[in-house]
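The file model.cif contains mmCIF, C-alpha atoms:
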data_upload
#
loop_
_atom_site.group_PDB
_atom_site.id
_atom_site.type_symbol
_atom_site.label_atom_id
_atom_site.label_comp_id
_atom_site.auth_asym_id
_atom_site.auth_seq_id
_atom_site.Cartn_x
_atom_site.Cartn_y
_atom_site.Cartn_z
ATOM 1 C CA MET A 12 115.148 34.705 145.547
ATOM 2 C CA PRO A 13 117.488 36.426 148.012
ATOM 3 C CA SER A 14 118.550 39.921 147.331
ATOM 4 C CA LYS A 15 122.141 41.060 146.706
ATOM 5 C CA THR A 16 122.145 42.846 150.058
ATOM 6 C CA SER A 17 121.290 39.671 151.955
ATOM 7 C CA ALA A 18 124.050 37.775 150.158
ATOM 8 C CA LYS A 19 126.644 40.360 151.118
ATOM 9 C CA SER A 20 125.529 40.256 154.771
ATOM 10 C CA ALA A 21 125.845 36.489 154.855
ATOM 11 C CA LYS A 22 129.379 36.635 153.438
ATOM 12 C CA ALA A 23 130.357 39.264 156.048
ATOM 13 C CA ILE A 24 129.021 37.123 158.894
ATOM 14 C CA LYS A 25 130.863 34.088 157.533
ATOM 15 C CA ALA A 26 134.163 36.024 157.259
ATOM 16 C CA ALA A 27 133.781 37.317 160.813
ATOM 17 C CA GLY A 28 133.239 33.776 162.070
ATOM 18 C CA LYS A 29 136.420 32.560 160.395
ATOM 19 C CA SER A 30 138.398 35.436 161.891
ATOM 20 C CA SER A 31 137.069 34.672 165.400
ATOM 21 C CA GLY A 32 137.925 31.001 165.068
ATOM 22 C CA SER A 33 141.440 31.792 163.957
ATOM 23 C CA SER A 34 141.893 34.008 167.014
ATOM 24 C CA ARG A 35 140.691 31.285 169.382
ATOM 25 C CA LYS A 36 143.210 28.808 167.956
ATOM 26 C CA GLY A 37 146.191 30.880 169.109
ATOM 27 C CA GLY A 38 146.367 33.593 166.558
ATOM 28 C CA GLY A 39 146.566 36.266 169.358
ATOM 29 C CA GLY A 40 149.753 37.235 171.221
ATOM 30 C CA SER A 41 148.478 37.797 174.742
ATOM 31 C CA LYS A 42 149.567 34.304 175.899
ATOM 32 C CA LEU A 43 152.985 34.367 174.236
ATOM 33 C CA GLY A 44 152.060 31.497 171.905
ATOM 34 C CA GLY A 45 150.801 29.361 174.812
ATOM 35 C CA LYS A 46 154.268 29.119 176.509
ATOM 36 C CA ARG A 47 154.843 29.575 180.312
ATOM 37 C CA GLN A 48 156.470 32.845 181.386
ATOM 38 C CA ILE A 49 160.013 32.618 183.027
ATOM 39 C CA PRO A 50 160.048 33.895 186.697
ATOM 40 C CA TRP A 51 162.952 36.300 186.271
ATOM 41 C CA LEU A 52 162.266 38.087 189.571
ATOM 42 C CA MET A 53 162.612 34.889 191.591
ATOM 43 C CA ILE A 54 165.739 33.853 189.709
ATOM 44 C CA GLY A 55 167.307 37.263 190.384
ATOM 45 C CA ALA A 56 166.549 36.974 194.108
ATOM 46 C CA VAL A 57 168.163 33.514 194.282
ATOM 47 C CA VAL A 58 171.242 34.759 192.459
ATOM 48 C CA CYS A 59 171.574 37.675 194.931
ATOM 49 C CA VAL A 60 171.324 35.334 197.936
ATOM 50 C CA VAL A 61 173.932 32.975 196.504
ATOM 51 C CA ALA A 62 176.260 35.911 195.755
ATOM 52 C CA LEU A 63 175.824 37.231 199.315
ATOM 53 C CA ILE A 64 176.638 33.840 200.829
ATOM 54 C CA GLY A 65 179.712 33.621 198.606
ATOM 55 C CA ALA A 66 180.903 37.081 199.662
ATOM 56 C CA ILE A 67 180.470 36.257 203.355
ATOM 57 C CA ALA A 68 182.374 32.991 202.904
ATOM 58 C CA TRP A 69 185.135 34.811 201.008
ATOM 59 C CA VAL A 70 185.626 37.111 204.016
ATOM 60 C CA LEU A 71 185.115 34.670 206.884
ATOM 61 C CA VAL A 72 186.804 31.485 205.664
ATOM 62 C CA PRO A 73 190.337 32.982 205.529
ATOM 63 C CA LYS A 74 189.828 34.454 209.008
ATOM 64 C CA ILE A 75 188.716 31.086 210.361
ATOM 65 C CA GLN A 76 191.695 29.419 208.723
ATOM 66 C CA ASP A 77 194.066 32.046 210.169
ATOM 67 C CA LYS A 78 192.569 31.499 213.615
ATOM 68 C CA GLN A 79 193.030 27.759 213.300
ATOM 69 C CA GLU A 80 196.640 28.251 212.223
ATOM 70 C CA GLN A 81 197.248 30.622 215.124
ATOM 71 C CA ASN A 82 195.805 28.115 217.585
ATOM 72 C CA LYS A 83 198.043 25.446 216.104
ATOM 73 C CA TYR A 84 201.152 27.447 217.022
ATOM 74 C CA THR A 85 199.945 28.956 220.308
ATOM 75 C CA PRO A 86 201.840 27.487 223.285
ATOM 76 C CA SER A 87 199.983 25.760 226.102
ATOM 77 C CA ALA A 88 200.695 23.450 229.011
ATOM 78 C CA GLN A 89 200.003 20.518 226.699
ATOM 79 C CA LYS A 90 202.027 21.976 223.802
ATOM 80 C CA LYS A 91 204.874 23.911 225.388
ATOM 81 C CA ASP A 92 206.965 24.421 222.270
ATOM 82 C CA PRO A 93 204.867 24.650 219.095
ATOM 83 C CA SER A 94 207.992 25.575 217.141
ATOM 84 C CA ASP A 95 208.666 21.830 216.983
ATOM 85 C CA GLN A 96 206.051 21.830 214.212
ATOM 86 C CA ILE A 97 207.879 24.503 212.189
ATOM 87 C CA SER A 98 210.257 23.207 209.549
ATOM 88 C CA GLY A 99 213.816 24.542 209.799
ATOM 89 C CA VAL A 100 213.859 25.693 213.433
ATOM 90 C CA VAL A 101 217.201 25.080 215.163
ATOM 91 C CA LYS A 102 217.167 24.659 218.953
ATOM 92 C CA LYS A 103 219.954 24.847 221.533
ATOM 93 C CA ASP A 104 220.105 25.036 225.318
ATOM 94 C CA TYR A 105 221.911 28.009 226.860
ATOM 95 C CA PRO A 106 222.506 29.019 230.481
ATOM 96 C CA ALA A 107 220.815 32.272 231.451
ATOM 97 C CA GLY A 108 221.828 35.301 233.488
ATOM 98 C CA LEU A 109 225.467 35.593 232.374
ATOM 99 C CA HIS A 110 226.289 39.287 231.968
ATOM 100 C CA VAL A 111 229.217 41.044 230.364
ATOM 101 C CA ALA A 112 230.230 44.706 230.550
ATOM 102 C CA ALA A 113 229.493 47.224 227.825
ATOM 103 C CA THR A 114 233.138 47.014 226.695
ATOM 104 C CA GLN A 115 233.267 43.218 226.475
ATOM 105 C CA ARG A 116 232.607 40.956 223.517
ATOM 106 C CA VAL A 117 231.193 37.442 223.516
ATOM 107 C CA ALA A 118 232.551 34.703 221.253
ATOM 108 C CA TYR A 119 229.144 33.547 220.116
ATOM 109 C CA ASP A 120 228.741 30.118 218.531
ATOM 110 C CA GLN A 121 225.999 31.249 216.123
ATOM 111 C CA ALA A 122 225.461 34.196 213.805
ATOM 112 C CA PRO A 123 223.158 35.781 214.733
ATOM 113 C CA PRO A 124 223.358 34.360 218.248
ATOM 114 C CA PHE A 125 220.223 33.220 220.053
ATOM 115 C CA GLY A 126 221.465 32.616 223.559
ATOM 116 C CA GLY A 127 224.494 32.719 225.813
ATOM 117 C CA PRO A 128 226.302 35.459 227.770
ATOM 118 C CA HIS A 129 225.093 38.973 227.011
ATOM 119 C CA ASP A 130 225.265 42.610 228.021
ATOM 120 C CA GLY A 131 223.664 43.615 231.324
ATOM 121 C CA SER A 132 221.479 46.112 229.428
ATOM 122 C CA TRP A 133 218.937 44.713 226.991
ATOM 123 C CA ALA A 134 217.988 46.295 223.692
ATOM 124 C CA ALA A 135 214.543 47.874 223.891
ATOM 125 C CA CYS A 136 212.185 45.315 222.355
ATOM 126 C CA THR A 137 208.836 47.068 222.436
ATOM 127 C CA GLY A 138 208.210 46.664 218.722
ATOM 128 C CA VAL A 139 211.271 48.683 217.710
ATOM 129 C CA VAL A 140 212.535 48.551 214.110
ATOM 130 C CA TYR A 141 216.177 49.661 214.238
ATOM 131 C CA PRO A 142 217.334 51.125 210.921
ATOM 132 C CA LYS A 143 220.972 50.225 211.662
ATOM 133 C CA ALA A 144 222.622 47.129 213.061
ATOM 134 C CA ILE A 145 222.780 47.064 216.861
ATOM 135 C CA ARG A 146 225.237 45.524 219.288
ATOM 136 C CA THR A 147 224.667 41.791 219.405
ATOM 137 C CA GLU A 148 225.266 41.433 223.151
ATOM 138 C CA ASN A 149 222.350 43.796 223.883
ATOM 139 C CA ALA A 150 219.966 42.017 221.512
ATOM 140 C CA VAL A 151 220.653 38.596 223.031
ATOM 141 C CA HIS A 152 219.605 39.939 226.433
ATOM 142 C CA SER A 153 216.232 40.877 224.878
ATOM 143 C CA LEU A 154 215.728 37.243 223.902
ATOM 144 C CA GLU A 155 216.194 36.260 227.537
ATOM 145 C CA HIS A 156 213.182 38.470 228.330
ATOM 146 C CA GLY A 157 210.938 36.602 225.860
ATOM 147 C CA ALA A 158 211.389 38.727 222.738
ATOM 148 C CA VAL A 159 211.665 37.645 219.109
ATOM 149 C CA TRP A 160 214.517 39.319 217.252
ATOM 150 C CA ILE A 161 214.138 39.535 213.466
ATOM 151 C CA THR A 162 217.335 40.163 211.532
ATOM 152 C CA TYR A 163 218.035 40.471 207.822
ATOM 153 C CA ASN A 164 220.953 40.860 205.456
ATOM 154 C CA PRO A 165 220.550 44.316 203.843
ATOM 155 C CA ASP A 166 222.468 43.072 200.794
ATOM 156 C CA LYS A 167 220.130 40.096 200.246
ATOM 157 C CA LEU A 168 216.677 41.460 201.081
ATOM 158 C CA ASP A 169 214.930 44.178 199.047
ATOM 159 C CA LYS A 170 212.948 47.082 200.441
ATOM 160 C CA ALA A 171 209.614 45.318 199.930
ATOM 161 C CA GLY A 172 210.827 42.395 202.019
ATOM 162 C CA ILE A 173 212.147 44.705 204.724
ATOM 163 C CA ASP A 174 208.812 46.545 204.851
ATOM 164 C CA THR A 175 206.926 43.247 205.124
ATOM 165 C CA LEU A 176 209.005 42.208 208.128
ATOM 166 C CA ALA A 177 208.799 45.650 209.719
ATOM 167 C CA ALA A 178 204.985 45.484 209.618
ATOM 168 C CA LYS A 179 205.169 42.386 211.825
ATOM 169 C CA VAL A 180 207.298 44.214 214.401
ATOM 170 C CA LYS A 181 206.306 47.881 214.628
ATOM 171 C CA GLY A 182 204.470 48.509 217.856
ATOM 172 C CA LYS A 183 204.309 44.786 218.735
ATOM 173 C CA PRO A 184 205.534 44.244 222.332
ATOM 174 C CA TYR A 185 208.415 41.816 222.803
ATOM 175 C CA THR A 186 209.717 42.095 219.250
ATOM 176 C CA LEU A 187 212.607 43.957 217.672
ATOM 177 C CA MET A 188 214.169 44.062 214.229
ATOM 178 C CA SER A 189 217.528 45.168 212.879
ATOM 179 C CA PRO A 190 219.859 44.541 209.936
ATOM 180 C CA TYR A 191 222.648 42.039 210.475
ATOM 181 C CA PRO A 192 225.509 42.597 207.997
ATOM 182 C CA GLY A 193 227.133 39.430 206.711
ATOM 183 C CA LEU A 194 224.154 37.200 207.538
ATOM 184 C CA ASP A 195 224.390 33.990 205.502
ATOM 185 C CA SER A 196 220.673 34.068 204.602
ATOM 186 C CA PRO A 197 218.319 36.925 203.701
ATOM 187 C CA ILE A 198 216.370 36.567 206.979
ATOM 188 C CA SER A 199 216.972 35.039 210.395
ATOM 189 C CA LEU A 200 214.535 34.914 213.328
ATOM 190 C CA GLN A 201 215.728 34.417 216.908
ATOM 191 C CA SER A 202 214.149 33.723 220.262
ATOM 192 C CA TRP A 203 215.959 32.350 223.295
ATOM 193 C CA GLY A 204 217.361 28.949 222.254
ATOM 194 C CA HIS A 205 215.610 29.019 218.847
ATOM 195 C CA GLN A 206 216.540 30.174 215.367
ATOM 196 C CA LEU A 207 214.932 30.015 211.922
ATOM 197 C CA LYS A 208 216.651 31.166 208.731
ATOM 198 C CA LEU A 209 214.516 32.012 205.696
ATOM 199 C CA THR A 210 214.830 33.386 202.181
ATOM 200 C CA SER A 211 211.490 35.213 201.833
ATOM 201 C CA ALA A 212 209.673 37.721 204.021
ATOM 202 C CA ASP A 213 206.388 36.266 202.737
ATOM 203 C CA ASP A 214 207.166 32.843 204.182
ATOM 204 C CA LYS A 215 204.293 31.894 206.510
ATOM 205 C CA ARG A 216 206.832 30.528 208.994
ATOM 206 C CA VAL A 217 207.659 34.103 210.034
ATOM 207 C CA GLY A 218 204.233 34.434 211.642
ATOM 208 C CA GLU A 219 204.311 30.877 212.973
ATOM 209 C CA PHE A 220 207.656 31.485 214.692
ATOM 210 C CA ILE A 221 206.425 34.698 216.325
ATOM 211 C CA THR A 222 203.196 33.062 217.521
ATOM 212 C CA ALA A 223 205.006 30.030 218.905
ATOM 213 C CA LEU A 224 207.866 31.763 220.716
ATOM 214 C CA ARG A 225 207.127 35.401 221.514
ATOM 215 C CA LEU A 226 206.461 35.488 225.264
ATOM 216 C CA ASN A 227 206.241 31.695 225.351
ATOM 217 C CA GLN A 228 206.599 31.205 229.102
ATOM 218 C CA TYR A 229 207.890 27.678 228.572
ATOM 219 C CA ALA A 230 210.710 28.695 226.240
ATOM 220 C CA TYR A 231 212.634 31.597 227.803
ATOM 221 C CA PRO A 232 214.346 32.034 231.176
ATOM 222 C CA GLU A 233 213.043 35.272 232.684
ATOM 223 C CA VAL A 234 209.274 35.194 232.526
ATOM 224 C CA GLY A 235 207.831 38.552 233.513
ATOM 225 C CA ALA A 236 210.924 40.602 232.662
ATOM 226 C CA ASP A 237 210.161 43.816 230.802
ATOM 227 C CA CYS A 238 211.160 44.772 227.274
ATOM 228 C CA ALA A 239 211.143 48.519 227.823
ATOM 229 C CA ASN A 240 214.521 49.891 228.870
ATOM 230 C CA PRO A 241 214.809 53.644 229.461
ATOM 231 C CA THR A 242 218.583 53.314 229.821
ATOM 232 C CA PHE A 243 218.912 51.985 226.243
ATOM 233 C CA ASN A 244 219.115 54.736 223.632
ATOM 234 C CA VAL A 245 216.778 53.613 220.856
ATOM 235 C CA ASP A 246 217.738 56.520 218.597
ATOM 236 C CA ASN A 247 221.457 55.949 219.020
ATOM 237 C CA PRO A 248 221.965 52.362 220.224
ATOM 238 C CA PRO A 249 225.353 50.691 220.707
ATOM 239 C CA ALA A 250 226.676 49.851 217.272
ATOM 240 C CA PHE A 251 227.154 46.419 215.748
ATOM 241 C CA ASP A 252 230.790 45.280 215.639
ATOM 242 C CA PRO A 253 231.427 43.225 212.479
ATOM 243 C CA SER A 254 234.958 42.234 213.468
ATOM 244 C CA ALA A 255 235.757 38.828 214.920
ATOM 245 C CA PRO A 256 235.878 38.713 218.736
ATOM 246 C CA GLY A 257 239.424 38.874 220.089
ATOM 247 C CA PRO A 258 241.154 36.442 222.437
ATOM 248 C CA ASP A 259 239.795 38.331 225.433
ATOM 249 C CA ALA A 260 236.164 37.688 224.398
ATOM 250 C CA VAL A 261 233.927 35.886 226.871
ATOM 251 C CA PRO A 262 233.413 32.257 225.746
ATOM 252 C CA MET A 263 230.035 30.580 225.551
ATOM 253 C CA ASP A 264 230.552 28.796 228.858
ATOM 254 C CA GLY A 265 230.433 32.213 230.539
ATOM 255 C CA LYS A 266 233.957 32.238 231.904
ATOM 256 C CA GLY A 267 234.700 35.882 232.679
ATOM 257 C CA ALA A 268 230.993 36.841 232.763
ATOM 258 C CA THR A 269 229.093 37.931 235.868
ATOM 259 C CA LYS A 270 226.271 35.781 237.180
ATOM 260 C CA ALA A 271 223.338 38.173 237.421
ATOM 261 C CA GLN A 272 220.255 37.943 239.590
ATOM 262 C CA ASP A 273 217.076 36.771 237.936
ATOM 263 C CA GLU A 274 215.166 39.615 236.291
ATOM 264 C CA SER A 275 211.923 37.700 236.009
ATOM 265 C CA GLY A 276 208.957 38.172 238.270
ATOM 266 C CA GLY A 277 206.467 40.982 238.049
ATOM 267 C CA ILE A 278 203.699 42.199 240.272
ATOM 268 C CA PRO A 279 201.107 39.573 241.233
ATOM 269 C CA GLY A 280 197.859 40.299 239.495
ATOM 270 C CA MET A 281 199.568 42.195 236.673
ATOM 271 C CA PRO A 282 199.939 40.664 233.200
ATOM 272 C CA THR A 283 203.219 39.015 232.340
ATOM 273 C CA GLY A 284 205.717 41.596 231.145
ATOM 274 C CA GLY A 285 205.628 43.967 234.092
ATOM 275 C CA ILE A 286 204.842 47.650 233.904
ATOM 276 C CA PRO A 287 205.833 49.386 230.654
ATOM 277 C CA GLY A 288 208.812 51.618 231.221
ATOM 278 C CA ILE A 289 210.041 49.809 234.337
ATOM 279 C CA PRO A 290 212.526 47.124 233.256
ATOM 280 C CA GLY A 291 211.997 43.907 235.189
ATOM 281 C CA LEU A 292 210.370 43.554 238.562
ATOM 282 C CA PRO A 293 212.248 40.582 239.995
ATOM 283 C CA GLY A 294 211.594 38.914 243.289
ATOM 284 C CA GLY A 295 214.920 40.058 244.686
ATOM 285 C CA THR A 296 216.470 43.503 244.706
ATOM 286 C CA PRO A 297 218.847 43.652 241.731
ATOM 287 C CA THR A 298 219.749 46.855 239.974
ATOM 288 C CA LEU A 299 219.170 48.104 236.481
ATOM 289 C CA PRO A 300 222.043 48.944 234.148
ATOM 290 C CA GLY A 301 223.747 51.980 235.612
ATOM 291 C CA GLY A 302 222.995 51.039 239.193
ATOM 292 C CA ILE A 303 219.363 52.153 239.282
ATOM 293 C CA PRO A 304 217.562 49.911 241.787
ATOM 294 C CA THR A 305 214.457 48.099 240.628
ATOM 295 C CA ILE A 306 211.265 47.766 242.616
ATOM 296 C CA PRO A 307 211.013 44.389 244.383
ATOM 297 C CA ALA A 308 207.855 42.415 243.770
ATOM 298 C CA PRO A 309 205.461 42.278 246.724
ATOM 299 C CA THR A 310 205.691 39.176 248.883
ATOM 300 C CA ALA A 311 202.705 37.101 249.953
ATOM 301 C CA GLU A 312 202.662 39.012 253.237
ATOM 302 C CA ASP A 313 202.541 42.288 251.344
ATOM 303 C CA GLN A 314 199.410 41.129 249.564
ATOM 304 C CA THR A 315 197.482 40.315 252.768
ATOM 305 C CA PRO A 316 195.265 43.253 253.632
ATOM 306 C CA PRO A 317 195.919 44.649 257.105
ATOM 307 C CA THR A 318 193.437 43.825 259.819
ATOM 308 C CA GLN A 319 191.140 46.727 260.446
ATOM 309 C CA PRO A 320 190.459 47.586 264.131
ATOM 310 C CA GLU A 321 186.902 47.282 265.252
ATOM 311 C CA GLN A 322 185.029 50.556 265.159
ATOM 312 C CA PRO A 323 182.758 51.503 268.096
ATOM 313 C CA ALA A 324 179.090 51.637 267.329
ATOM 314 C CA PRO A 325 177.856 55.177 266.715
ATOM 315 C CA THR A 326 176.032 56.747 269.610
ATOM 316 C CA GLN A 327 172.481 57.886 269.229
#
What would the structure in this file look like if it were written as structure tokens?
Amino acid sequence: MPSKTSAKSAKAIKAAGKSSGSSRKGGGGSKLGGKRQIPWLMIGAVVCVVALIGAIAWVLVPKIQDKQEQNKYTPSAQKKDPSDQISGVVKKDYPAGLHVAATQRVAYDQAPPFGGPHDGSWAACTGVVYPKAIRTENAVHSLEHGAVWITYNPDKLDKAGIDTLAAKVKGKPYTLMSPYPGLDSPISLQSWGHQLKLTSADDKRVGEFITALRLNQYAYPEVGADCANPTFNVDNPPAFDPSAPGPDAVPMDGKGATKAQDESGGIPGMPTGGIPGIPGLPGGTPTLPGGIPTIPAPTAEDQTPPTQPEQPAPTQ
């Protein structure tokens, strides 16, 4: 007959066996109930890569689109006037090189004008933002040199709009900007023979117009003429005259104006626009406003290097 001690030992062994079996059936927690662990580290890496690609696209895609838009409105031999693609642009043909004196007015057919007879001195158009309205006859001459003239009605455009336009002009060669009292729209853009009137400074057509027509060699008369003019007082320019031209004003056909020599040209090998600070380097020998002679452009003969005489061989 087994003893009490043996019986207790058998019960203990049996209880331990049950406990071990329970553990083998999944009672432990080391395997998370038998479920697969989620690879959070890999998921985090994928999310970071996707976010990085998105950030790069967010930066680059607008730049690519802007470049494509710029190319669309950039003039070329195959697309001489991209402004034809801009809604609202008005075009007219005007004869060039018709000058009036500083005391004369022109009976312009448009307001603001964008071609026709003009003052012999052009308004400096080296990215100048004039705070006050300037004499129209000077500004039109700037258009003949390839500039874009941005005007606005100070009573119809707020400061934010003015600042937006000014940012497109300041320091940009062959542009100028000034208020134009009485303008029938908040904004009007002019280049030689082209005009676009707008209501908002945020209109994308502002940039399209500038790209298409600023220094567009196919769209203005005096290619190579300069926009700097040391004889034009930027700080105190000739004032805008809001009154209607009198009966002695020069008509649009140029009767009473002086036919001026072409101010286009430039030095061969130099970029179009001449040398900053020297207005126009034409092929002839015209004079600047005030009678200052310009520098004639070199002829083909001038560009041929002189023949060097043969040098005797050095003696030993």
For this session: Would you list the contacts of Asp246 of chain A as a list in words, taking every protein, DNA or RNA residue within 12 Å and counting all atoms listed in the file, but skipping same-chain residues closer than 2 positions in sequence?
Result: Ala134, Ala135, Val139, Val140, Tyr141, Pro142, Lys143, Ala144, Ile145, Pro241, Thr242, Phe243, Asn244, Pro248, Pro249 and Ala250 of chain A
Exercise. Pick the closest to Lys266 of chain A from A:Val159, A:Ala230, A:Ala118, A:Ala56: which is it, counting only C-alpha atoms?
Worked result: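 When distances to Lys266 of chain A are compared using only C-alpha atoms, the smallest one comes from A:Ala118.
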Exercise. Applied to the shown file, which residues does the PyMOL selection byres ((chain A and resi 184) around 9) return, written as a ChimeraX atom specification?
Worked result: /A:136-139,158,180-183,185-187,238-239
Exercise. In Å to one decimal, how far is atom CA of His129 of chain A from atom CA of Ala271 of chain A?
Worked result: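 Atom CA of His129 of chain A lies at a distance of 10.6 Å from atom CA of Ala271 of chain A.
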Using all atoms listed in the file, which residues sit within 9 Å of Asp120 of chain A once same-chain residues fewer than 6 positions away are excluded, as a tab-separated table (two decimals) with C-alpha atoms, in the coordinates of the input?
chain	number	residue	atom	x	y	z
A	127	GLY	CA	224.49	32.72	225.81
A	262	PRO	CA	233.41	32.26	225.75
A	263	MET	CA	230.04	30.58	225.55
Seminar exercise, completed: Among A:Gln115, A:Asn247, A:Ser87, A:Ser98, Phe220 of chain A is approached most closely, using all atoms listed in the file, by A:Ser98
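Once the PyMOL selection byres ((chain A and resi 190) around 10) is applied to the depicted file, the selected set reads Val140, Tyr141, Pro142, Lys143, Ala144, Ile145, Ile161, Thr162, Tyr163, Asn164, Pro165, Asp166, Leu168, Ile173, Met188, Ser189, Tyr191, Pro192, Gly193, Leu194, Pro197, Ile198, Ser199 and Phe251 of chain A.
Once the PyMOL selection byres ((chain A and resi 99-101) around 10) is applied to this file, the selection holds Ser94, Asp95, Gln96, Ile97, Ser98, Lys102, Lys103, Phe125, Leu200, Gln201, Gly204, His205, Gln206, Leu207, Lys208, Leu209, Arg216 and Phe220 of chain A.
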Problem set entry | d(atom CA of Thr269 of chain A, atom CA of Gln121 of chain A) in Å | 21.1 Å
Exercise. Can you tell me how far atom CA of Leu176 of chain A sits from atom CA of Asp214 of chain A, in Å to one decimal?
Worked result: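 About the pair atom CA of Leu176 of chain A and atom CA of Asp214 of chain A: they are 10.3 Å apart.
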For this session: Around the point (237.3, 37.0, 225.7), in the coordinates given by the file, pick out the residues reaching within 7 Å, counting only C-alpha atoms, and return them as a list in words.
Result: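 The distance filter leaves exactly Arg116, Val117, Ala118, Gly257, Pro258, Asp259, Ala260, Val261 and Pro262 of chain A.
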Problem set entry | Residue nearest Lys83 of chain A - candidates A:Thr222, A:Asn149, A:Thr175, A:Gln48, atoms counted: all atoms listed in the file | A:Thr222
For this session: Using only C-alpha atoms, find the one residue out of A:Pro253, A:Gly235, A:Lys167, A:Gly55 that sits nearest to Asp195 of chain A.
Result: A:Lys167
